[in-house]
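Student: What follows is work13.txt; its format and atoms are compact mmCIF, C-alpha atoms.
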# COMPACT_ATOMS: atom_id res chain seq x y z
CA MET A 1 -18.10 -9.61 47.54
CA LYS A 2 -14.32 -9.60 47.03
CA LYS A 3 -14.84 -10.66 43.41
CA LEU A 4 -17.24 -7.77 42.85
CA ILE A 5 -14.80 -5.25 44.29
CA SER A 6 -11.96 -6.70 42.20
CA LEU A 7 -14.14 -6.49 39.10
CA MET A 8 -14.94 -2.84 39.83
CA PHE A 9 -11.20 -2.04 39.74
CA LEU A 10 -10.60 -4.15 36.63
CA ILE A 11 -13.29 -2.55 34.43
CA PRO A 12 -11.69 0.94 34.32
CA ALA A 13 -8.33 -0.63 33.47
CA LEU A 14 -9.86 -2.59 30.59
CA PHE A 15 -11.61 0.53 29.34
CA ALA A 16 -8.34 2.48 29.45
CA CYS A 17 -6.59 -0.24 27.40
CA SER A 18 -9.29 -0.24 24.77
CA GLN A 19 -9.23 3.57 24.54
CA GLY A 20 -5.49 3.47 23.80
CA ALA A 21 -6.14 1.16 20.86
CA ILE A 22 -8.78 3.52 19.49
CA ASP A 23 -6.64 6.62 19.99
CA ALA A 24 -3.43 5.07 18.57
CA PRO A 25 -2.21 7.06 15.57
CA GLN A 26 -2.66 5.39 12.20
CA ALA A 27 0.18 5.24 9.68
CA GLU A 28 0.05 7.89 6.97
CA ALA A 29 1.61 7.83 3.56
CA ARG A 30 4.82 9.81 3.28
CA ALA A 31 5.82 12.12 0.47
CA ILE A 32 8.19 10.79 -2.16
CA GLU A 33 11.08 13.20 -2.43
CA LYS A 34 12.53 14.14 -5.82
CA HIS A 35 15.78 12.15 -5.52
CA GLU A 36 14.54 9.11 -3.61
CA ARG A 37 15.37 5.71 -5.05
CA CYS A 38 13.31 2.55 -5.19
CA HIS A 39 13.98 0.27 -2.23
CA LEU A 40 13.93 -2.79 -4.51
CA CYS A 41 15.64 -1.83 -7.78
CA GLY A 42 17.40 1.46 -6.96
CA MET A 43 15.81 3.48 -9.78
CA MET A 44 14.80 7.12 -9.23
CA ILE A 45 11.15 6.94 -8.12
CA THR A 46 9.80 10.24 -9.44
CA LYS A 47 11.56 9.98 -12.81
CA TYR A 48 9.06 7.45 -14.20
CA PRO A 49 5.29 7.36 -14.82
CA GLY A 50 2.67 5.22 -13.13
CA PRO A 51 1.61 4.40 -9.58
CA LYS A 52 4.16 4.09 -6.82
CA GLY A 53 4.00 2.30 -3.47
CA GLN A 54 5.38 2.41 0.04
CA VAL A 55 5.58 -0.06 2.90
CA HIS A 56 5.55 0.84 6.58
CA LEU A 57 7.34 -1.73 8.74
CA LYS A 58 6.68 -2.44 12.40
CA GLY A 59 9.13 -0.62 14.66
CA GLN A 60 10.90 1.13 11.77
CA SER A 61 10.99 4.86 11.12
CA LYS A 62 12.44 4.47 7.60
CA VAL A 63 9.72 3.77 5.04
CA PRO A 64 10.72 1.71 1.98
CA LYS A 65 9.34 3.41 -1.14
CA PHE A 66 9.02 1.90 -4.60
CA CYS A 67 9.11 3.15 -8.19
CA SER A 68 6.12 0.96 -9.04
CA THR A 69 3.34 -0.99 -7.38
CA ARG A 70 4.89 -4.10 -8.96
CA ASP A 71 8.14 -3.56 -7.01
CA MET A 72 6.15 -2.80 -3.84
CA PHE A 73 4.25 -6.10 -4.18
CA ASN A 74 7.45 -8.04 -4.97
CA PHE A 75 8.89 -6.75 -1.69
CA ALA A 76 5.74 -6.95 0.44
CA LEU A 77 4.77 -10.48 -0.62
CA GLN A 78 8.10 -12.01 0.42
CA ALA A 79 7.49 -14.17 3.52
CA GLU A 80 10.27 -12.48 5.52
CA ASN A 81 8.79 -9.03 4.84
CA ARG A 82 5.07 -9.81 4.99
CA ARG A 83 4.95 -10.35 8.74
CA GLN A 84 6.77 -7.04 9.42
CA ILE A 85 4.31 -4.81 7.53
CA SER A 86 2.11 -2.40 9.45
CA ALA A 87 0.75 -0.41 6.46
CA LEU A 88 0.93 -0.28 2.66
CA PHE A 89 0.09 2.65 0.40
CA VAL A 90 -0.33 3.03 -3.37
CA HIS A 91 -1.37 5.88 -5.64
CA ASP A 92 -5.04 6.13 -6.55
CA MET A 93 -4.64 6.59 -10.30
CA GLY A 94 -8.25 7.74 -10.52
CA ALA A 95 -7.27 10.83 -8.52
CA THR A 96 -3.86 11.73 -9.92
CA ASP A 97 -1.88 12.17 -13.13
CA TRP A 98 -0.32 9.02 -14.64
CA ASP A 99 2.94 10.72 -15.60
CA HIS A 100 3.43 12.52 -12.27
CA PRO A 101 1.41 10.88 -9.47
CA GLY A 102 0.91 13.19 -6.49
CA ASP A 103 1.58 12.39 -2.84
CA GLU A 104 -1.96 13.54 -1.93
CA ALA A 105 -3.37 10.56 -3.89
CA PHE A 106 -2.00 7.73 -1.72
CA VAL A 107 -4.58 5.21 -0.48
CA ASP A 108 -4.46 2.05 1.63
CA ALA A 109 -3.09 -0.65 -0.67
CA ARG A 110 -5.06 -3.39 1.11
CA THR A 111 -8.40 -1.84 0.16
CA ALA A 112 -7.35 -0.69 -3.32
CA TRP A 113 -8.22 -2.35 -6.63
CA TYR A 114 -5.62 -3.26 -9.25
CA VAL A 115 -5.55 -3.62 -13.02
CA TYR A 116 -3.00 -6.21 -14.07
CA GLY A 117 -2.00 -6.72 -17.71
CA THR A 118 -2.80 -3.24 -18.92
CA SER A 119 -1.23 -1.69 -22.02
CA LYS A 120 -0.33 1.38 -19.96
CA LYS A 121 3.39 1.48 -19.19
CA ALA A 122 5.13 2.24 -15.92
CA VAL A 123 8.74 2.08 -14.81
CA MET A 124 9.86 -1.32 -16.12
CA GLY A 125 7.11 -2.33 -18.51
CA PRO A 126 3.46 -3.08 -17.82
CA ALA A 127 1.94 -1.40 -14.81
CA VAL A 128 -0.05 -2.84 -11.96
CA ALA A 129 -2.40 0.13 -11.91
CA SER A 130 -3.95 0.94 -8.53
CA PHE A 131 -7.31 2.56 -7.78
CA LYS A 132 -9.29 3.47 -4.69
CA THR A 133 -12.52 2.02 -6.09
CA GLN A 134 -13.44 -0.99 -8.15
CA SER A 135 -15.48 1.16 -10.54
CA GLN A 136 -12.41 3.29 -11.38
CA ALA A 137 -10.37 0.15 -11.99
CA VAL A 138 -13.06 -1.30 -14.27
CA GLU A 139 -13.25 1.95 -16.26
CA PHE A 140 -9.45 1.99 -16.66
CA ALA A 141 -9.41 -1.69 -17.74
CA ARG A 142 -12.05 -0.98 -20.40
CA GLU A 143 -9.82 1.70 -21.89
CA PHE A 144 -6.36 0.15 -21.46
CA GLY A 145 -7.04 -3.58 -20.99
CA GLY A 146 -6.16 -5.86 -18.13
CA ALA A 147 -7.85 -7.80 -15.35
CA VAL A 148 -9.36 -6.07 -12.32
CA LEU A 149 -8.22 -7.64 -9.05
CA PRO A 150 -8.57 -6.96 -5.33
CA PHE A 151 -5.41 -6.80 -3.20
CA GLU A 152 -5.75 -10.42 -2.07
CA GLN A 153 -5.48 -11.73 -5.64
CA VAL A 154 -2.17 -10.05 -6.44
CA ASP A 155 0.53 -12.62 -5.68
CA LEU A 156 4.09 -13.47 -6.67
CA ALA A 157 2.96 -16.05 -9.25
CA LEU A 158 0.83 -13.43 -11.00
CA LEU A 159 3.64 -10.86 -10.96
CA SER A 160 6.11 -13.36 -12.44
CA GLY A 161 3.72 -14.11 -15.30
CA GLU A 162 2.70 -17.63 -14.24
The structure given in the file should be rewritten as structure tokens.
Tutor:
Amino acid sequence: MKKLISLMFLIPALFACSQGAIDAPQAEARAIEKHERCHLCGMMITKYPGPKGQVHLKGQSKVPKFCSTRDMFNFALQAENRRQISALFVHDMGATDWDHPGDEAFVDARTAWYVYGTSKKAVMGPAVASFKTQSQAVEFAREFGGAVLPFEQVDLALLSGE
């Protein structure tokens, strides 16, 4: 009987814990301000065309922002940074202008699709173009070349040209 009474008090506590997880606020992409500089290379982010990225780090209020998805990946894929990441965002280039990507077009980088090896240029050469859907990425690759990849297949070896 004692076990049953103890269990009756434990169930509401477990429910309350699970509700907190459901109600916890999710990270949201932040606007890139006109004079912000890339966290990796120091270049002005909004001065150049192509998709940008941002990384949200656990316990940090400052959000590193990047002038390109390539720089975002080069930062995020480093072992010392990878374990600190709580969210990643990239521009959906199917929903925004290449030359001036808008803040309203950020999507979760982990569910996005990428076109690597495209003829389309970004900040420091070839872009790693990002898209919300695979079909948009395929359409872009048909027009501008490149391989369509999910997030998991973009790695440091690929980015270094190996």
Student: For stretch 134-146 of chain A, find every residue with an atom within 12 Å (counting only C-alpha atoms), except residues of its own chain fewer than 5 positions away, and show them as a PDB file with C-alpha atoms, in the coordinates of the input.
Tutor:
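Result saved to result_23.pdb:
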ATOM      1  CA  ASP A  92      -5.040   6.130  -6.550  1.00  0.00           C
ATOM      2  CA  MET A  93      -4.640   6.590 -10.300  1.00  0.00           C
ATOM      3  CA  GLY A  94      -8.250   7.740 -10.520  1.00  0.00           C
ATOM      4  CA  ALA A  95      -7.270  10.830  -8.520  1.00  0.00           C
ATOM      5  CA  TRP A  98      -0.320   9.020 -14.640  1.00  0.00           C
ATOM      6  CA  THR A 111      -8.400  -1.840   0.160  1.00  0.00           C
ATOM      7  CA  ALA A 112      -7.350  -0.690  -3.320  1.00  0.00           C
ATOM      8  CA  TRP A 113      -8.220  -2.350  -6.630  1.00  0.00           C
ATOM      9  CA  TYR A 114      -5.620  -3.260  -9.250  1.00  0.00           C
ATOM     10  CA  VAL A 115      -5.550  -3.620 -13.020  1.00  0.00           C
ATOM     11  CA  TYR A 116      -3.000  -6.210 -14.070  1.00  0.00           C
ATOM     12  CA  GLY A 117      -2.000  -6.720 -17.710  1.00  0.00           C
ATOM     13  CA  THR A 118      -2.800  -3.240 -18.920  1.00  0.00           C
ATOM     14  CA  SER A 119      -1.230  -1.690 -22.020  1.00  0.00           C
ATOM     15  CA  LYS A 120      -0.330   1.380 -19.960  1.00  0.00           C
ATOM     16  CA  LYS A 121       3.390   1.480 -19.190  1.00  0.00           C
ATOM     17  CA  PRO A 126       3.460  -3.080 -17.820  1.00  0.00           C
ATOM     18  CA  ALA A 127       1.940  -1.400 -14.810  1.00  0.00           C
ATOM     19  CA  VAL A 128      -0.050  -2.840 -11.960  1.00  0.00           C
ATOM     20  CA  ALA A 129      -2.400   0.130 -11.910  1.00  0.00           C
ATOM     21  CA  PHE A 151      -5.410  -6.800  -3.200  1.00  0.00           C
TER      22      PHE A 151
END
Student: Considering only C-alpha atoms, state which residue in the set A:Leu156, A:Ala29, A:Leu57, A:Ile45 is at the smallest distance from A:Val90.
Tutor: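 Residue with the minimum atom-to-atom distance to A:Val90: A:Ala29.
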Student: Please indicate the distance in Å from atom CA of A:Val154 to atom CA of A:Ala27, rounded to one decimal place.
Tutor: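 These atoms are spaced 22.3 Å apart.
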Student: Could you list, as number ranges by chain, every residue within 10 Å of stretch 31-34 of chain A, counting only C-alpha atoms and ignoring same-chain residues fewer than 5 positions away?
Tutor: A: 44-47, 52-54, 65-67, 101-104, 106
Student: What's the separation between atom CA of A:Val107 and atom CA of A:Val63, in Å to one decimal place?
Tutor: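 Spanning atom CA of A:Val107 to atom CA of A:Val63 is a straight-line distance of 15.4 Å.
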Student: In Å to one decimal, how far is atom CA of A:Pro49 from atom CA of A:Asp99?
Tutor: 4.2 Å
Student: Which residue gives the smallest distance to A:Pro150 among A:Ala109, A:Ala76, A:Leu88, A:Cys38, with all atoms listed in the file counted?
Tutor: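 With all atoms listed in the file as the atom set, the closest residue is A:Ala109.
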